[in-house]
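> Sharing coords_11.txt, compact mmCIF, C-alpha atoms and all ligand atoms:
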```
# COMPACT_ATOMS: atom_id res chain seq x y z
CA MET P 384 -44.36 24.49 -1.29
CA SER P 385 -40.66 23.97 -0.50
CA GLU P 386 -38.17 26.31 -2.05
CA LEU P 387 -34.42 26.39 -2.35
CA PRO P 388 -32.50 29.65 -2.65
CA GLY P 389 -29.80 29.96 -5.29
CA THR P 390 -27.75 32.42 -7.29
CA TRP P 391 -28.42 32.73 -11.00
CA PHE P 392 -25.73 33.55 -13.50
CA ASP P 393 -27.85 33.86 -16.59
CA GLY P 394 -24.94 34.15 -19.02
CA ARG P 395 -26.20 37.49 -20.41
CA SER P 396 -25.78 39.92 -17.57
CA SER P 397 -22.59 39.91 -15.56
CA ARG P 398 -24.55 40.44 -12.39
CA PRO P 399 -25.72 37.37 -10.52
CA GLN P 400 -29.28 37.52 -9.25
CA PRO P 401 -30.98 35.68 -6.41
CA VAL P 402 -33.38 32.98 -7.51
CA ARG P 403 -35.76 30.53 -5.79
CA LEU P 404 -36.17 26.96 -6.99
CA SER P 405 -39.34 25.00 -6.48
CA GLN P 406 -41.19 22.02 -7.87
CA PRO P 407 -44.57 23.02 -9.30
CA ALA P 408 -45.27 19.44 -10.35
CA PRO P 409 -43.31 16.18 -10.49
CA GLY P 410 -40.76 16.31 -13.30
CA ARG P 411 -40.94 20.13 -13.46
CA LEU P 412 -38.72 22.75 -11.90
CA ARG P 413 -39.51 26.45 -11.46
CA LEU P 414 -36.92 29.21 -11.29
CA ALA P 415 -38.35 32.37 -9.77
CA ALA P 416 -36.17 35.46 -9.96
CA HIS P 417 -37.25 38.93 -9.05
CA ALA P 418 -38.63 39.90 -12.47
CA GLN P 419 -39.19 36.63 -14.20
CA THR P 420 -40.25 33.02 -13.70
CA HIS P 421 -39.27 30.07 -15.83
CA GLU P 422 -40.40 26.48 -15.76
CA PHE P 423 -38.44 23.51 -17.08
CA ASP P 424 -38.79 19.84 -17.65
CA VAL P 425 -36.13 18.35 -15.32
CA ARG P 426 -34.87 16.20 -18.18
CA GLN P 427 -33.55 19.39 -19.79
CA LEU P 428 -31.49 20.28 -16.73
CA GLU P 429 -28.07 19.17 -15.73
CA LEU P 430 -27.02 19.05 -12.09
CA SER P 431 -23.36 18.83 -11.07
CA PRO P 432 -22.52 15.74 -9.04
CA ARG P 433 -22.59 15.84 -5.28
CA LEU P 434 -19.04 16.17 -3.98
CA GLY P 435 -18.85 16.40 -0.20
CA ARG P 436 -20.21 19.73 0.91
CA MET P 437 -19.48 21.63 -2.28
CA GLU P 438 -22.23 23.75 -3.80
CA ARG P 439 -24.23 22.25 -6.64
CA ILE P 440 -24.43 23.80 -10.07
CA LEU P 441 -27.61 23.48 -12.09
CA THR P 442 -27.14 24.13 -15.79
CA VAL P 443 -30.24 25.49 -17.51
CA PRO P 444 -30.27 25.32 -21.31
CA GLY P 445 -30.06 28.84 -22.72
CA GLN P 446 -30.39 30.38 -19.27
CA GLY P 447 -26.94 29.99 -17.74
CA GLN P 448 -26.34 28.38 -14.38
CA VAL P 449 -27.79 28.39 -10.89
CA HIS P 450 -25.41 27.85 -7.97
CA LEU P 451 -27.01 26.56 -4.79
CA ASP P 452 -26.24 24.74 -1.57
CA ASP P 453 -26.70 21.01 -1.62
CA SER P 454 -30.05 19.75 -0.34
CA PRO P 455 -31.83 16.40 -0.21
CA LEU P 456 -34.69 18.11 -2.04
CA LEU P 457 -32.53 18.13 -5.16
CA ASP P 458 -32.60 14.33 -5.11
CA ASP P 459 -36.39 14.39 -5.01
CA TRP P 460 -36.71 16.94 -7.76
CA LEU P 461 -34.00 15.64 -10.10
CA PRO P 462 -33.79 11.94 -9.31
CA ARG P 463 -33.08 10.53 -12.71
CA ARG P 464 -29.36 11.26 -13.17
CA ASP P 465 -28.21 10.16 -9.77
CA ARG P 466 -27.20 6.59 -10.22
CA VAL P 467 -23.43 7.03 -10.47
CA GLU P 468 -23.46 10.02 -8.22
CA ARG P 469 -25.40 8.38 -5.43
CA TRP P 470 -23.04 5.49 -5.65
CA ALA P 471 -20.05 7.84 -5.36
CA HIS P 472 -21.67 9.47 -2.35
CA TRP P 473 -22.34 6.12 -0.78
CA LEU P 474 -18.71 5.14 -1.30
CA GLU P 475 -17.48 8.38 0.12
CA GLY P 476 -18.88 7.71 3.54
CA ARG P 477 -17.67 4.16 3.81
CA ARG P 478 -14.21 3.63 5.09
CA LEU P 479 -14.42 -0.10 4.70
CA VAL P 480 -15.01 0.34 1.01
CA ALA P 481 -12.07 2.74 0.82
CA LEU P 482 -9.88 0.21 2.60
CA ALA P 483 -11.06 -2.59 0.37
CA SER P 484 -10.40 -0.61 -2.77
CA GLY P 485 -6.95 0.30 -1.45
CA LEU P 486 -6.31 -3.38 -0.86
CA LEU P 487 -7.59 -4.23 -4.33
CA THR P 488 -5.24 -1.65 -5.82
CA ALA P 489 -2.31 -3.18 -3.95
CA VAL P 490 -3.27 -6.70 -5.00
CA GLY P 491 -3.70 -5.42 -8.54
CA ALA P 492 -0.23 -3.87 -8.49
CA VAL P 493 1.32 -7.10 -7.22
CA LEU P 494 -0.49 -9.15 -9.87
CA PHE P 495 0.58 -6.65 -12.50
CA PHE P 496 4.24 -6.96 -11.59
CA THR P 497 4.31 -10.71 -10.99
CA ILE P 498 1.97 -11.96 -13.70
CA GLY P 499 1.06 -9.07 -16.01
CA LEU P 500 4.57 -7.90 -16.82
CA PRO P 501 6.03 -11.35 -17.54
CA TRP P 502 2.92 -12.13 -19.61
CA MET P 503 3.42 -8.98 -21.66
CA ALA P 504 7.17 -9.46 -21.92
CA VAL P 505 6.72 -12.94 -23.42
CA ARG P 506 4.52 -11.41 -26.11
CA VAL P 507 6.49 -8.23 -26.71
CA ALA P 508 9.98 -9.78 -26.76
CA PRO P 509 9.53 -11.60 -30.11
CA LEU P 510 8.39 -8.31 -31.69
CA ILE P 511 11.63 -6.53 -30.90
CA PRO P 512 13.84 -6.42 -33.98
CA PRO P 513 17.08 -8.41 -33.69
CA ALA P 514 19.11 -5.24 -34.25
CA VAL P 515 17.55 -3.61 -31.18
CA GLU P 516 18.08 -6.73 -29.10
CA ARG P 517 21.69 -6.80 -30.24
CA GLN P 518 22.06 -3.17 -29.21
CA ILE P 519 20.75 -3.89 -25.71
CA GLY P 520 23.17 -6.81 -25.52
CA ASP P 521 26.12 -4.68 -26.64
CA HIS P 522 25.22 -2.16 -23.97
CA ALA P 523 25.17 -4.87 -21.34
CA LEU P 524 28.45 -6.28 -22.67
CA ALA P 525 30.17 -2.91 -22.32
CA ILE P 526 29.09 -2.74 -18.69
CA VAL P 527 30.07 -6.33 -17.87
CA ASP P 528 33.41 -5.84 -19.55
CA LEU P 529 34.31 -3.19 -17.00
CA GLN P 530 34.81 -6.07 -14.58
CA LEU P 531 36.41 -8.53 -16.97
CA ARG P 532 39.80 -8.91 -18.65
CA PRO P 533 40.63 -10.31 -22.10
CA SER P 534 40.86 -14.08 -22.20
CA ARG P 535 44.24 -15.65 -21.56
CA LEU P 536 43.28 -18.95 -23.18
CA PRO P 537 45.28 -19.95 -26.28
CA ALA P 538 43.54 -18.84 -29.47
CA GLU P 539 43.30 -22.46 -30.71
CA ARG P 540 41.55 -23.55 -27.51
CA ARG P 541 38.97 -20.76 -27.91
CA ALA P 542 38.46 -21.56 -31.60
CA ALA P 543 37.96 -25.26 -30.83
CA LEU P 544 35.28 -24.50 -28.25
CA GLN P 545 33.61 -22.02 -30.61
CA ASP P 546 33.46 -24.75 -33.26
CA ARG P 547 31.85 -27.24 -30.90
CA PHE P 548 29.42 -24.55 -29.74
CA ALA P 549 28.48 -23.87 -33.39
CA GLU P 550 27.63 -27.57 -33.78
CA LEU P 551 25.58 -27.46 -30.58
CA VAL P 552 23.38 -24.59 -31.77
CA ALA P 553 23.22 -25.60 -35.43
CA GLY P 554 19.62 -25.68 -36.63
CA LEU P 555 18.18 -23.82 -33.63
CA PRO P 556 15.64 -21.12 -34.54
CA ARG P 557 17.98 -18.34 -33.43
CA GLU P 558 21.18 -19.98 -34.65
CA ALA P 559 22.35 -16.92 -36.58
CA ASP P 560 22.55 -14.77 -33.43
CA TYR P 561 25.07 -16.78 -31.43
CA ARG P 562 28.54 -15.57 -30.53
CA LEU P 563 30.72 -17.24 -27.92
CA ASP P 564 33.55 -15.29 -26.31
CA PHE P 565 35.85 -15.83 -23.38
CA ARG P 566 36.99 -13.53 -20.59
CA TYR P 567 39.50 -13.76 -17.78
CA ALA P 568 37.59 -13.07 -14.56
CA ALA P 569 39.52 -13.82 -11.39
CA ALA P 570 36.98 -12.12 -9.12
CA ILE P 571 33.97 -13.88 -10.63
CA GLY P 572 35.55 -17.28 -11.08
CA PRO P 573 34.06 -20.13 -13.11
CA ASN P 574 30.90 -18.81 -14.77
CA ALA P 575 29.08 -18.14 -18.00
CA PHE P 576 26.23 -15.87 -19.00
CA ALA P 577 23.96 -15.08 -21.92
CA LEU P 578 23.32 -11.48 -22.94
CA PRO P 579 20.38 -10.30 -25.07
CA GLY P 580 21.19 -10.66 -28.74
CA GLY P 581 22.90 -14.05 -28.52
CA GLN P 582 26.25 -13.03 -27.03
CA ILE P 583 27.47 -15.69 -24.60
CA LEU P 584 30.44 -15.11 -22.34
CA MET P 585 32.37 -17.87 -20.60
CA THR P 586 35.16 -17.24 -18.15
CA ASP P 587 38.61 -18.77 -18.58
CA GLN P 588 38.16 -20.00 -15.04
CA LEU P 589 35.21 -22.17 -16.09
CA VAL P 590 37.14 -23.60 -19.04
CA GLU P 591 39.96 -24.52 -16.67
CA LEU P 592 37.60 -26.01 -14.11
CA ALA P 593 36.01 -28.41 -16.59
CA GLU P 594 37.58 -31.82 -17.13
CA ARG P 595 35.79 -32.51 -20.42
CA ASP P 596 34.49 -30.26 -23.19
CA GLU P 597 31.08 -31.90 -22.80
CA GLU P 598 30.77 -30.20 -19.42
CA LEU P 599 31.30 -26.82 -21.07
CA LEU P 600 28.86 -27.69 -23.83
CA ALA P 601 26.30 -28.56 -21.16
CA VAL P 602 26.70 -25.07 -19.71
CA LEU P 603 26.51 -23.55 -23.19
CA ALA P 604 23.33 -25.49 -23.93
CA HIS P 605 21.81 -23.90 -20.83
CA GLU P 606 22.89 -20.43 -22.02
CA ALA P 607 21.45 -21.14 -25.46
CA GLY P 608 18.18 -21.98 -23.66
CA HIS P 609 18.17 -18.45 -22.23
CA HIS P 610 18.60 -17.02 -25.69
CA GLU P 611 16.06 -19.25 -27.44
CA HIS P 612 13.48 -18.30 -24.79
CA ARG P 613 14.51 -14.62 -25.02
CA HIS P 614 15.05 -14.47 -21.27
CA GLY P 615 17.49 -11.58 -21.43
CA LEU P 616 15.13 -9.44 -23.45
CA ARG P 617 12.12 -10.43 -21.36
CA GLY P 618 13.99 -9.56 -18.18
CA ALA P 619 15.04 -6.23 -19.65
CA LEU P 620 11.46 -5.47 -20.70
CA GLU P 621 10.10 -6.36 -17.29
CA ASP P 622 12.72 -4.29 -15.52
CA SER P 623 12.24 -1.29 -17.79
CA ALA P 624 8.47 -1.47 -17.37
CA VAL P 625 8.97 -1.53 -13.61
CA LEU P 626 11.16 1.56 -13.87
CA VAL P 627 8.61 3.40 -15.97
CA VAL P 628 5.77 2.50 -13.59
CA ILE P 629 7.83 3.54 -10.58
CA GLY P 630 8.69 6.76 -12.42
CA PHE P 631 5.03 7.53 -12.95
CA MET P 632 4.09 6.60 -9.39
CA PHE P 633 6.65 8.98 -7.94
CA GLY P 634 6.23 11.59 -10.63
CA ASP P 635 9.73 11.16 -11.96
CA VAL P 636 9.02 10.34 -15.55
CA SER P 637 12.46 11.66 -16.44
CA GLY P 638 13.68 8.41 -14.92
CA ALA P 639 12.70 6.89 -18.21
CA GLY P 640 15.59 8.79 -19.78
CA SER P 641 18.18 6.77 -17.94
CA LEU P 642 16.42 3.57 -18.94
CA SER P 643 18.89 2.45 -21.56
CA VAL P 644 21.63 2.62 -18.95
CA SER P 645 19.64 1.00 -16.16
CA VAL P 646 18.34 -1.94 -18.13
CA PRO P 647 21.58 -3.85 -18.63
CA THR P 648 22.69 -3.00 -15.12
CA LEU P 649 19.49 -4.34 -13.63
CA LEU P 650 19.68 -7.32 -15.88
CA LEU P 651 23.07 -8.30 -14.57
CA GLN P 652 22.35 -7.52 -10.97
CA THR P 653 19.14 -9.44 -10.73
CA GLY P 654 20.08 -12.26 -13.07
CA PHE P 655 17.43 -14.53 -14.45
CA SER P 656 14.38 -15.59 -12.52
CA ARG P 657 13.83 -19.03 -11.07
CA ASP P 658 11.42 -19.88 -13.87
CA HIS P 659 13.89 -18.79 -16.52
CA GLU P 660 16.64 -20.97 -15.03
CA THR P 661 14.38 -23.99 -14.96
CA GLU P 662 13.26 -23.31 -18.54
CA ALA P 663 16.88 -22.98 -19.70
CA ASP P 664 17.85 -26.19 -17.87
CA THR P 665 14.99 -28.09 -19.49
CA PHE P 666 15.98 -26.76 -22.89
CA ALA P 667 19.59 -27.79 -22.27
CA PHE P 668 18.73 -31.37 -21.29
CA VAL P 669 16.70 -31.88 -24.46
CA ARG P 670 19.31 -30.25 -26.67
CA LEU P 671 22.20 -32.19 -25.17
CA ARG P 672 20.44 -35.48 -25.78
CA ASP P 673 19.63 -34.38 -29.34
CA VAL P 674 23.33 -33.92 -30.07
CA GLY P 675 24.36 -37.06 -28.21
CA ILE P 676 25.71 -35.54 -24.99
CA SER P 677 24.43 -36.85 -21.66
CA PRO P 678 22.83 -34.27 -19.33
CA GLU P 679 24.95 -35.98 -16.68
CA HIS P 680 27.72 -33.60 -17.75
CA PHE P 681 25.55 -30.70 -16.63
CA ALA P 682 25.23 -32.26 -13.19
CA THR P 683 28.98 -32.81 -13.03
CA ILE P 684 29.97 -29.26 -13.92
CA MET P 685 27.30 -27.78 -11.64
CA GLU P 686 28.67 -29.79 -8.73
CA ARG P 687 32.17 -28.73 -9.52
CA MET P 688 31.18 -25.05 -9.79
CA ALA P 689 29.22 -25.20 -6.56
CA ASP P 690 32.14 -26.82 -4.80
CA HIS P 691 34.49 -24.21 -6.21
CA HIS P 692 32.33 -21.30 -5.02
CA ALA P 693 31.51 -22.79 -1.62
CA PRO P 694 33.82 -25.71 -0.85
CA GLY P 695 32.27 -28.51 1.19
CA ARG P 696 28.73 -27.11 0.99
CA LYS P 697 27.61 -29.49 -1.70
CA GLY P 698 25.99 -26.96 -3.96
CA ASP P 699 24.12 -24.77 -1.50
CA GLY P 700 26.64 -22.02 -2.11
CA GLU P 701 25.69 -18.76 -3.73
CA GLY P 702 28.16 -17.46 -6.25
CA PRO P 703 28.56 -13.81 -7.15
CA MET P 704 26.25 -14.05 -10.14
CA GLY P 705 25.00 -16.26 -12.92
CA TYR P 706 24.52 -19.90 -12.14
CA LEU P 707 24.84 -20.00 -8.44
CA SER P 708 23.23 -16.72 -7.47
CA THR P 709 19.93 -17.73 -9.05
CA HIS P 710 17.02 -19.06 -7.09
CA PRO P 711 16.57 -22.73 -7.88
CA PRO P 712 18.79 -24.49 -5.38
CA THR P 713 21.73 -26.07 -7.16
CA PRO P 714 21.07 -29.57 -5.72
CA ALA P 715 17.60 -29.54 -7.27
CA ARG P 716 19.05 -28.62 -10.66
CA ILE P 717 21.70 -31.31 -10.39
CA ALA P 718 19.02 -33.87 -9.53
CA ALA P 719 16.94 -32.75 -12.53
CA ALA P 720 19.96 -33.17 -14.82
CA ARG P 721 20.57 -36.70 -13.46
CA ALA P 722 16.91 -37.56 -13.97
CA ALA P 723 17.10 -36.33 -17.57
CA ALA P 724 20.31 -38.30 -18.10
CA SER P 725 18.88 -41.57 -16.76
CA SER P 726 15.59 -41.23 -18.64
CA SER P 727 17.53 -41.24 -21.91
CA ASP P 728 19.16 -44.59 -21.14
ZN ZN E 801 20.96 -19.46 -16.40
```
Any chance you could give the structure as structure tokens?
Ligand SMILES: [Zn+2]

Amino acid sequence: MSELPGTWFDGRSSRPQPVRLSQPAPGRLRLAAHAQTHEFDVRQLELSPRLGRMERILTVPGQGQVHLDDSPLLDDWLPRRDRVERWAHWLEGRRLVALASGLLTAVGAVLFFTIGLPWMAVRVAPLIPPAVERQIGDHALAIVDLQLRPSRLPAERRAALQDRFAELVAGLPREADYRLDFRYAAAIGPNAFALPGGQILMTDQLVELAERDEELLAVLAHEAGHHEHRHGLRGALEDSAVLVVIGFMFGDVSGAGSLSVSVPTLLLQTGFSRDHETEADTFAFVRLRDVGISPEHFATIMERMADHHAPGRKGDGEGPMGYLSTHPPTPARIAAARAAASSSD
């Protein structure tokens, strides 16, 4: 009869004693030490999983533990609990499987960042209280304002545009949030952007570039689209989740502490995604038609901005941020605006 040698720590005496394991009958296991012999039903015993070449530990109810070298005999004697363990062992030896699982992890990570995070952000953003969103926006505003100067437009001009903007957003679900302000921004030039919380900034340079107020309202309708769709908040949530995940991956969870600072910065650096721009454009075209303004004005101001930022390049130019630094090529957006304008005729 085959035997396996082991060392028995019986849990009563501190001294380990040598023991021999054998199988007197299927489903039974015998432990023979120098002065005593015990027999067990294998279903009472617990064997530690096989991990490489590590020794196995057999736990015997009421009798402590037996440590022994791994042996194929253990599989014959204690076959019942091996399903997971055999599978783990099988995996261990297979590099292809390891490679495949590595690949799966990478694909999973990519899917998580590209689909999972935006999916979650869409659902989480509406749950964030307006006061918190406003706070994130104020934070972002403070950072943006480092690069901007107070508006030099006459107060009446600003008030007139604010009034027309109020008409534009009247009745929208998030109407109460909106604030329109102006800034002088020589380095940035004609531009406008929406911050989380409903704050919209327009540069004096854009006001001066426009030939009609409808062009500015077209831009503002686009910015309102960002706010109605909560793009700023969703972007901030996605970026902060990325930071937290990266923090965990590299063991720097303290990175989460600087989150409140990083979020607005990231938000402004990366701008809105291609999808968000298209969504905001679509919103703007519908809204403009609702209030009796042709989306054609959006096309006109986009062309003029593109020409300003990159003269002669017919809208392929990339501005420093906002409208022209975002992904959808400007000509495509202009064409979409013209299509929306002609479909309303
Ligand atoms: Zn936009």
> Which polymer residues have any atom within 10 Å of an atom of Leu457 in chain P, counting only C-alpha atoms, with same-chain residues fewer than 2 positions away left out, as a list in words?
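Here the answer would be Leu387, Leu404, Ser405, Gln406, Leu430, Arg439, Asp452, Asp453, Ser454, Pro455, Asp459, Trp460, Leu461 and Pro462 of chain P.
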> Leaving out range 531-546 of chain P and any residue of its chain fewer than 5 positions from it, which residues lie within 8 Å of it when counting only C-alpha atoms, given as a PyMOL selection string?
chain P and resi 563-568+586-587+596
> Only C-alpha atoms, please: the residues just picked out, written as a PDB file, in the frame of the given file.

```pdb
ATOM      1  CA  LEU P 563      30.720 -17.240 -27.920  1.00  0.00           C
ATOM      2  CA  ASP P 564      33.550 -15.290 -26.310  1.00  0.00           C
ATOM      3  CA  PHE P 565      35.850 -15.830 -23.380  1.00  0.00           C
ATOM      4  CA  ARG P 566      36.990 -13.530 -20.590  1.00  0.00           C
ATOM      5  CA  TYR P 567      39.500 -13.760 -17.780  1.00  0.00           C
ATOM      6  CA  ALA P 568      37.590 -13.070 -14.560  1.00  0.00           C
ATOM      7  CA  THR P 586      35.160 -17.240 -18.150  1.00  0.00           C
ATOM      8  CA  ASP P 587      38.610 -18.770 -18.580  1.00  0.00           C
ATOM      9  CA  ASP P 596      34.490 -30.260 -23.190  1.00  0.00           C
TER      10      ASP P 596
END
```
> Considering only C-alpha atoms, return as a ChimeraX atom specification whatever protein or nucleic-acid residues lie within 10 Å of Glu679 in chain P, sequence-local ones (same chain, fewer than 6 positions apart) excluded.
/P:597-598,601,668,671,685,717-725
> Save out the residues we just selected, C-alpha atoms, as a PDB file, in the coordinates of the input.

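Here's the written file out.pdb:
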```
ATOM      1  CA  GLU P 597      31.080 -31.900 -22.800  1.00  0.00           C
ATOM      2  CA  GLU P 598      30.770 -30.200 -19.420  1.00  0.00           C
ATOM      3  CA  ALA P 601      26.300 -28.560 -21.160  1.00  0.00           C
ATOM      4  CA  PHE P 668      18.730 -31.370 -21.290  1.00  0.00           C
ATOM      5  CA  LEU P 671      22.200 -32.190 -25.170  1.00  0.00           C
ATOM      6  CA  MET P 685      27.300 -27.780 -11.640  1.00  0.00           C
ATOM      7  CA  ILE P 717      21.700 -31.310 -10.390  1.00  0.00           C
ATOM      8  CA  ALA P 718      19.020 -33.870  -9.530  1.00  0.00           C
ATOM      9  CA  ALA P 719      16.940 -32.750 -12.530  1.00  0.00           C
ATOM     10  CA  ALA P 720      19.960 -33.170 -14.820  1.00  0.00           C
ATOM     11  CA  ARG P 721      20.570 -36.700 -13.460  1.00  0.00           C
ATOM     12  CA  ALA P 722      16.910 -37.560 -13.970  1.00  0.00           C
ATOM     13  CA  ALA P 723      17.100 -36.330 -17.570  1.00  0.00           C
ATOM     14  CA  ALA P 724      20.310 -38.300 -18.100  1.00  0.00           C
ATOM     15  CA  SER P 725      18.880 -41.570 -16.760  1.00  0.00           C
TER      16      SER P 725
END
```
> Taking all atoms listed in the file into account, name the residue in P:Ser656, P:Gln588, P:Ser431, P:Thr713 that is nearest to Glu686 in chain P.
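Checking each candidate against Glu686 in chain P, we get P:Thr713 as the closest.
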> With only C-alpha atoms and all ligand atoms as the atoms that count, which of P:Gln419, P:Thr683, P:Ser726, P:Thr661 lies nearest to ligand ZN 801 (chain E)?
P:Thr661
> How many Å separate CA of Ala575 in chain P from CA of Phe496 in chain P?
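Answer for the CA of Ala575 in chain P to CA of Phe496 in chain P separation: 28.0 Å.
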> Between CA of Pro401 in chain P and CA of Ser385 in chain P, what is the distance, to one decimal in Å?
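Spanning CA of Pro401 in chain P to CA of Ser385 in chain P is a straight-line distance of 16.3 Å.
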> Atoms are missing here; could range 713-726 of chain P be completed with N, CA and C atoms and written as a PDB file, in the frame of the given file?

```pdb
ATOM      1  N   THR P 713      20.892 -25.287  -6.261  1.00  0.00           N
ATOM      2  CA  THR P 713      21.730 -26.070  -7.160  1.00  0.00           C
ATOM      3  C   THR P 713      21.472 -27.575  -7.033  1.00  0.00           C
ATOM      4  N   PRO P 714      21.309 -28.118  -5.806  1.00  0.00           N
ATOM      5  CA  PRO P 714      21.070 -29.570  -5.720  1.00  0.00           C
ATOM      6  C   PRO P 714      19.844 -30.011  -6.514  1.00  0.00           C
ATOM      7  N   ALA P 715      18.817 -29.186  -6.519  1.00  0.00           N
ATOM      8  CA  ALA P 715      17.600 -29.540  -7.270  1.00  0.00           C
ATOM      9  C   ALA P 715      17.897 -29.579  -8.763  1.00  0.00           C
ATOM     10  N   ARG P 716      18.726 -28.657  -9.231  1.00  0.00           N
ATOM     11  CA  ARG P 716      19.050 -28.620 -10.660  1.00  0.00           C
ATOM     12  C   ARG P 716      19.932 -29.803 -11.032  1.00  0.00           C
ATOM     13  N   ILE P 717      20.832 -30.160 -10.128  1.00  0.00           N
ATOM     14  CA  ILE P 717      21.700 -31.310 -10.390  1.00  0.00           C
ATOM     15  C   ILE P 717      20.847 -32.583 -10.473  1.00  0.00           C
ATOM     16  N   ALA P 718      19.896 -32.686  -9.539  1.00  0.00           N
ATOM     17  CA  ALA P 718      19.020 -33.870  -9.530  1.00  0.00           C
ATOM     18  C   ALA P 718      18.203 -33.928 -10.823  1.00  0.00           C
ATOM     19  N   ALA P 719      17.730 -32.771 -11.290  1.00  0.00           N
ATOM     20  CA  ALA P 719      16.940 -32.750 -12.530  1.00  0.00           C
ATOM     21  C   ALA P 719      17.795 -33.199 -13.708  1.00  0.00           C
ATOM     22  N   ALA P 720      19.055 -32.777 -13.732  1.00  0.00           N
ATOM     23  CA  ALA P 720      19.960 -33.170 -14.820  1.00  0.00           C
ATOM     24  C   ALA P 720      20.175 -34.689 -14.797  1.00  0.00           C
ATOM     25  N   ARG P 721      20.351 -35.236 -13.585  1.00  0.00           N
ATOM     26  CA  ARG P 721      20.570 -36.700 -13.460  1.00  0.00           C
ATOM     27  C   ARG P 721      19.313 -37.451 -13.918  1.00  0.00           C
ATOM     28  N   ALA P 722      18.162 -36.905 -13.569  1.00  0.00           N
ATOM     29  CA  ALA P 722      16.910 -37.560 -13.970  1.00  0.00           C
ATOM     30  C   ALA P 722      16.799 -37.563 -15.494  1.00  0.00           C
ATOM     31  N   ALA P 723      17.156 -36.420 -16.108  1.00  0.00           N
ATOM     32  CA  ALA P 723      17.100 -36.330 -17.570  1.00  0.00           C
ATOM     33  C   ALA P 723      18.095 -37.288 -18.202  1.00  0.00           C
ATOM     34  N   ALA P 724      19.268 -37.418 -17.565  1.00  0.00           N
ATOM     35  CA  ALA P 724      20.310 -38.300 -18.100  1.00  0.00           C
ATOM     36  C   ALA P 724      19.857 -39.757 -18.036  1.00  0.00           C
ATOM     37  N   SER P 725      19.236 -40.156 -16.909  1.00  0.00           N
ATOM     38  CA  SER P 725      18.880 -41.570 -16.760  1.00  0.00           C
ATOM     39  C   SER P 725      17.654 -41.922 -17.601  1.00  0.00           C
ATOM     40  N   SER P 726      16.787 -40.919 -17.849  1.00  0.00           N
ATOM     41  CA  SER P 726      15.590 -41.230 -18.640  1.00  0.00           C
ATOM     42  C   SER P 726      15.944 -41.454 -20.105  1.00  0.00           C
TER      43      SER P 726
END
```
